[in-house]
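Below you'll find the structure, written out as structure tokens, and then a few comments.
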Amino acid sequence: MGGKKQKTETKDMVEYDDLERGDRSEKGKREREEEKDILPSMIKNKEKRLEVYAKLKHQKKVEKRKKLKARDAAEKQAIQLGEEPPLKKIPHTIENTREFDETVCKPNDEELFAANDADEFSSILRWERMPKILITTCRFHSTIVDYAKNKDFTSLIVVHTNRREPDALLIIGLPDGPTAHFKLSRLVLRKDIKNHGNPTSHKPELVLNNFTTRLGHRIGRMIQSLFPQDPNFRGRRVVTFHNQRDFIFFRHHRYIFETKESKQIVAKGKKEKDGKAEKATQEKVVARLQECGPRFTLKLISLQHRTFDTKGGEYEWVHKPEMDTSRRRFFL
């Protein structure tokens, strides 16, 4: 009797322990689910908030590594089987999700090509006139424009300063305009650029990137008219105007091409006598850049017909605050 009673007691204790473990596991699951629902911004205690944020960040990193490993394994397997690797997903960015714009230029736009032949920059871009630029900080624009016209300058650049710091740029095409007004920011002079290069007197190459709309195309042609159309490639100078989200980034570099030898291990079925795999050298051409400076950023404020006129000037385009209603709306 005593033995039977002891067996039933131990059986009841085991069942109780199993139930308790089950309750604990369910409770742990519920707590983990609740932690997932709780955002760090919802926690008032700073230490606890940082702890939860660090956990979430670590979990995201682990998941990202797993996805990358799985993608690499699928690519290797497809290459080994002689199949096409799976297509890489294109990330969603502000640039590739921009709002639809009717003014985006098309390659077969005959109207655009006809306008190019008749605009104010065609004589320079067709090599009928050589660019001749006058750069000044004088605020008396009308007198300066007349002076530049009489001296056969093709463009006038007026740098506006505020407390001896440049903050705006006026580019005036001569003799018939147009006039572009830019906000100038993030100016870094050559002396302030670490390990900068020294430019030569060679005519630079010009790179215009991402000027896609009608307005952007017009601004790009205006910038193009400031530079000679026959660059000297021996100087290895390149000037870049890169448009991104309506901000125009200016950079000035020198480049050089170098050949580097890269060692590659040739895999064989059998190893050599010394137990090492054979190594083959392959030459690789690498381009190196050295920034010459200066560097700055431009933001278009207005584009005006003809030369600068504050009173009776007709504007082609003016930036207004109500235009900035969407982050995915661009004009250049």
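Labeling convention for the structure tokens: chains A, B, ... as they appear, residues from 1 per chain, ligands from 1 in order of appearance.
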Every residue of stretch 22-144 of chain A that DSSP places in strand (DSSP E), as a PyMOL selection string: chain A and resi 133-136
Mind dumping a table of every stretch 84-104 of chain A residue within 9 Å of stretch 65-78 of chain A, with the nearest atom pair and its distance in Å to one decimal, using only C-alpha atoms, sorted by chain and rising number, as CSV?
residue,atom,partner,partner_atom,distance
A:Glu84,CA,A:Ala78,CA,6.1
A:Pro85,CA,A:Glu75,CA,5.0
A:Pro86,CA,A:Glu75,CA,6.6
A:Lys88,CA,A:Arg71,CA,8.9
Could you save the residues just selected, with C-alpha atoms, as a PDB file, in the first residue's frame?
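part38.pdb was written with the following content:
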ATOM      1  CA  GLU A  84      20.978  32.138 -64.267  1.00  0.00           C
ATOM      2  CA  PRO A  85      21.375  33.516 -60.733  1.00  0.00           C
ATOM      3  CA  PRO A  86      18.289  35.051 -59.109  1.00  0.00           C
ATOM      4  CA  LYS A  88      18.955  41.153 -57.250  1.00  0.00           C
TER       5      LYS A  88
END
Test item: residues at most 12 Å from A:Thr297, only C-alpha atoms, excluding those fewer than 6 positions along its chain, as a VMD selection string: chain A and resid 166 to 169 182 to 188 240 to 251
Shell around stretch 117-123 of chain A at 10 Å using only C-alpha atoms, local window under 3 positions removed, as a PyMOL selection string: chain A and resi 112-114+126-131+154+173-178+218+221-226+306
Keeping N, CA and C atoms, export the residues of the selection given above as a short mmCIF file (atom, residue, chain, number, x, y, z; two decimals), in the first residue's frame.
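This is the output file result06.cif:
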data_model
loop_
_atom_site.label_atom_id
_atom_site.label_comp_id
_atom_site.auth_asym_id
_atom_site.auth_seq_id
_atom_site.Cartn_x
_atom_site.Cartn_y
_atom_site.Cartn_z
N LEU A 112 13.08 69.25 -78.63
CA LEU A 112 14.20 69.63 -77.76
C LEU A 112 15.45 69.91 -78.58
N PHE A 113 15.73 69.06 -79.57
CA PHE A 113 16.91 69.26 -80.41
C PHE A 113 16.80 70.55 -81.22
N ALA A 114 15.60 70.85 -81.69
CA ALA A 114 15.40 72.09 -82.45
C ALA A 114 15.62 73.31 -81.55
N ARG A 126 28.71 75.14 -80.47
CA ARG A 126 29.06 74.77 -81.85
C ARG A 126 30.44 75.29 -82.25
N TRP A 127 31.17 75.83 -81.26
CA TRP A 127 32.54 76.30 -81.44
C TRP A 127 32.61 77.55 -82.30
N GLU A 128 31.52 78.29 -82.43
CA GLU A 128 31.55 79.55 -83.18
C GLU A 128 32.16 80.67 -82.33
N ARG A 129 32.03 80.56 -81.01
CA ARG A 129 32.63 81.51 -80.06
C ARG A 129 33.35 80.72 -78.98
N MET A 130 34.44 81.27 -78.48
CA MET A 130 35.17 80.65 -77.38
C MET A 130 34.68 81.24 -76.05
N PRO A 131 34.51 80.41 -75.03
CA PRO A 131 34.06 80.95 -73.73
C PRO A 131 35.07 81.95 -73.16
N THR A 154 31.56 86.17 -72.81
CA THR A 154 30.41 85.31 -73.12
C THR A 154 29.55 85.04 -71.90
N GLY A 173 24.37 84.87 -68.93
CA GLY A 173 24.84 84.63 -70.28
C GLY A 173 24.83 85.92 -71.08
N LEU A 174 25.87 86.13 -71.86
CA LEU A 174 26.00 87.36 -72.63
C LEU A 174 26.05 87.04 -74.13
N PRO A 175 25.45 87.87 -74.96
CA PRO A 175 24.84 89.18 -74.65
C PRO A 175 23.35 89.13 -74.34
N ASP A 176 22.69 88.00 -74.56
CA ASP A 176 21.22 87.95 -74.50
C ASP A 176 20.67 87.13 -73.33
N GLY A 177 21.49 86.79 -72.35
CA GLY A 177 21.00 86.01 -71.21
C GLY A 177 21.08 84.52 -71.50
N PRO A 178 20.42 83.70 -70.69
CA PRO A 178 19.58 84.00 -69.52
C PRO A 178 20.41 84.23 -68.26
N ARG A 218 18.39 72.75 -69.65
CA ARG A 218 18.76 74.16 -69.93
C ARG A 218 19.88 74.61 -68.99
N ARG A 221 23.14 73.03 -70.14
CA ARG A 221 23.74 73.71 -71.30
C ARG A 221 24.37 75.04 -70.89
N MET A 222 23.77 75.71 -69.91
CA MET A 222 24.36 76.95 -69.41
C MET A 222 25.72 76.68 -68.76
N ILE A 223 25.79 75.63 -67.94
CA ILE A 223 27.05 75.26 -67.30
C ILE A 223 28.07 74.84 -68.36
N GLN A 224 27.60 74.10 -69.37
CA GLN A 224 28.49 73.63 -70.43
C GLN A 224 29.10 74.80 -71.20
N SER A 225 28.35 75.89 -71.34
CA SER A 225 28.85 77.05 -72.09
C SER A 225 29.95 77.80 -71.34
N LEU A 226 30.18 77.46 -70.07
CA LEU A 226 31.24 78.13 -69.30
C LEU A 226 32.61 77.50 -69.55
N ARG A 306 16.79 86.71 -70.57
CA ARG A 306 17.71 87.78 -70.89
C ARG A 306 18.65 88.07 -69.71
#
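Distance annotation: of A:Pro40, A:Arg327, A:Tyr147, A:Thr179, the residue with the minimal separation from A:Gly313 is A:Thr179; atom set is only C-alpha atoms.
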Contacts of A:Lys132 within 9 Å, only C-alpha atoms, excl. fewer than 4 positions in-chain, as a ChimeraX atom specification: /A:152-156,226-227
Grab the residues selected above and save them as a short mmCIF file (atom, residue, chain, number, x, y, z; two decimals), in the first residue's frame with all heavy atoms.
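Saved as again.cif:
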data_model
loop_
_atom_site.label_atom_id
_atom_site.label_comp_id
_atom_site.auth_asym_id
_atom_site.auth_seq_id
_atom_site.Cartn_x
_atom_site.Cartn_y
_atom_site.Cartn_z
N ASP A 152 33.36 91.78 -75.01
CA ASP A 152 33.12 90.49 -75.68
C ASP A 152 33.23 89.29 -74.74
O ASP A 152 33.69 88.21 -75.15
CB ASP A 152 34.08 90.30 -76.86
CG ASP A 152 33.80 91.31 -77.97
OD1 ASP A 152 32.62 91.69 -78.13
OD2 ASP A 152 34.75 91.71 -78.66
N PHE A 153 32.81 89.45 -73.50
CA PHE A 153 32.72 88.30 -72.60
C PHE A 153 31.47 87.49 -72.95
O PHE A 153 30.43 88.06 -73.33
CB PHE A 153 32.65 88.75 -71.14
CG PHE A 153 33.97 89.21 -70.59
CD1 PHE A 153 34.30 90.55 -70.53
CD2 PHE A 153 34.89 88.28 -70.12
CE1 PHE A 153 35.50 90.97 -70.03
CE2 PHE A 153 36.12 88.69 -69.61
CZ PHE A 153 36.42 90.05 -69.56
N THR A 154 31.56 86.17 -72.81
CA THR A 154 30.41 85.31 -73.12
C THR A 154 29.55 85.04 -71.90
O THR A 154 28.38 84.71 -72.03
CB THR A 154 30.90 83.97 -73.70
OG1 THR A 154 31.76 83.33 -72.73
CG2 THR A 154 31.64 84.17 -75.00
N SER A 155 30.13 85.16 -70.70
CA SER A 155 29.37 84.93 -69.47
C SER A 155 29.92 85.81 -68.36
O SER A 155 31.11 86.15 -68.34
CB SER A 155 29.43 83.47 -69.03
OG SER A 155 28.80 82.62 -69.97
N LEU A 156 29.03 86.15 -67.44
CA LEU A 156 29.40 86.94 -66.27
C LEU A 156 28.96 86.17 -65.03
O LEU A 156 27.80 85.77 -64.91
CB LEU A 156 28.71 88.31 -66.32
CG LEU A 156 28.79 89.19 -65.07
CD1 LEU A 156 30.23 89.60 -64.79
CD2 LEU A 156 27.91 90.42 -65.21
N LEU A 226 30.18 77.46 -70.07
CA LEU A 226 31.24 78.13 -69.30
C LEU A 226 32.61 77.50 -69.55
O LEU A 226 33.62 78.06 -69.13
CB LEU A 226 30.93 78.05 -67.80
CG LEU A 226 29.62 78.70 -67.33
CD1 LEU A 226 29.42 78.42 -65.84
CD2 LEU A 226 29.62 80.19 -67.59
N PHE A 227 32.65 76.34 -70.21
CA PHE A 227 33.90 75.60 -70.37
C PHE A 227 34.22 75.42 -71.85
O PHE A 227 33.31 75.33 -72.69
CB PHE A 227 33.78 74.22 -69.70
CG PHE A 227 33.64 74.29 -68.21
CD1 PHE A 227 32.39 74.42 -67.63
CD2 PHE A 227 34.75 74.24 -67.39
CE1 PHE A 227 32.25 74.49 -66.26
CE2 PHE A 227 34.62 74.31 -66.01
CZ PHE A 227 33.37 74.45 -65.45
#
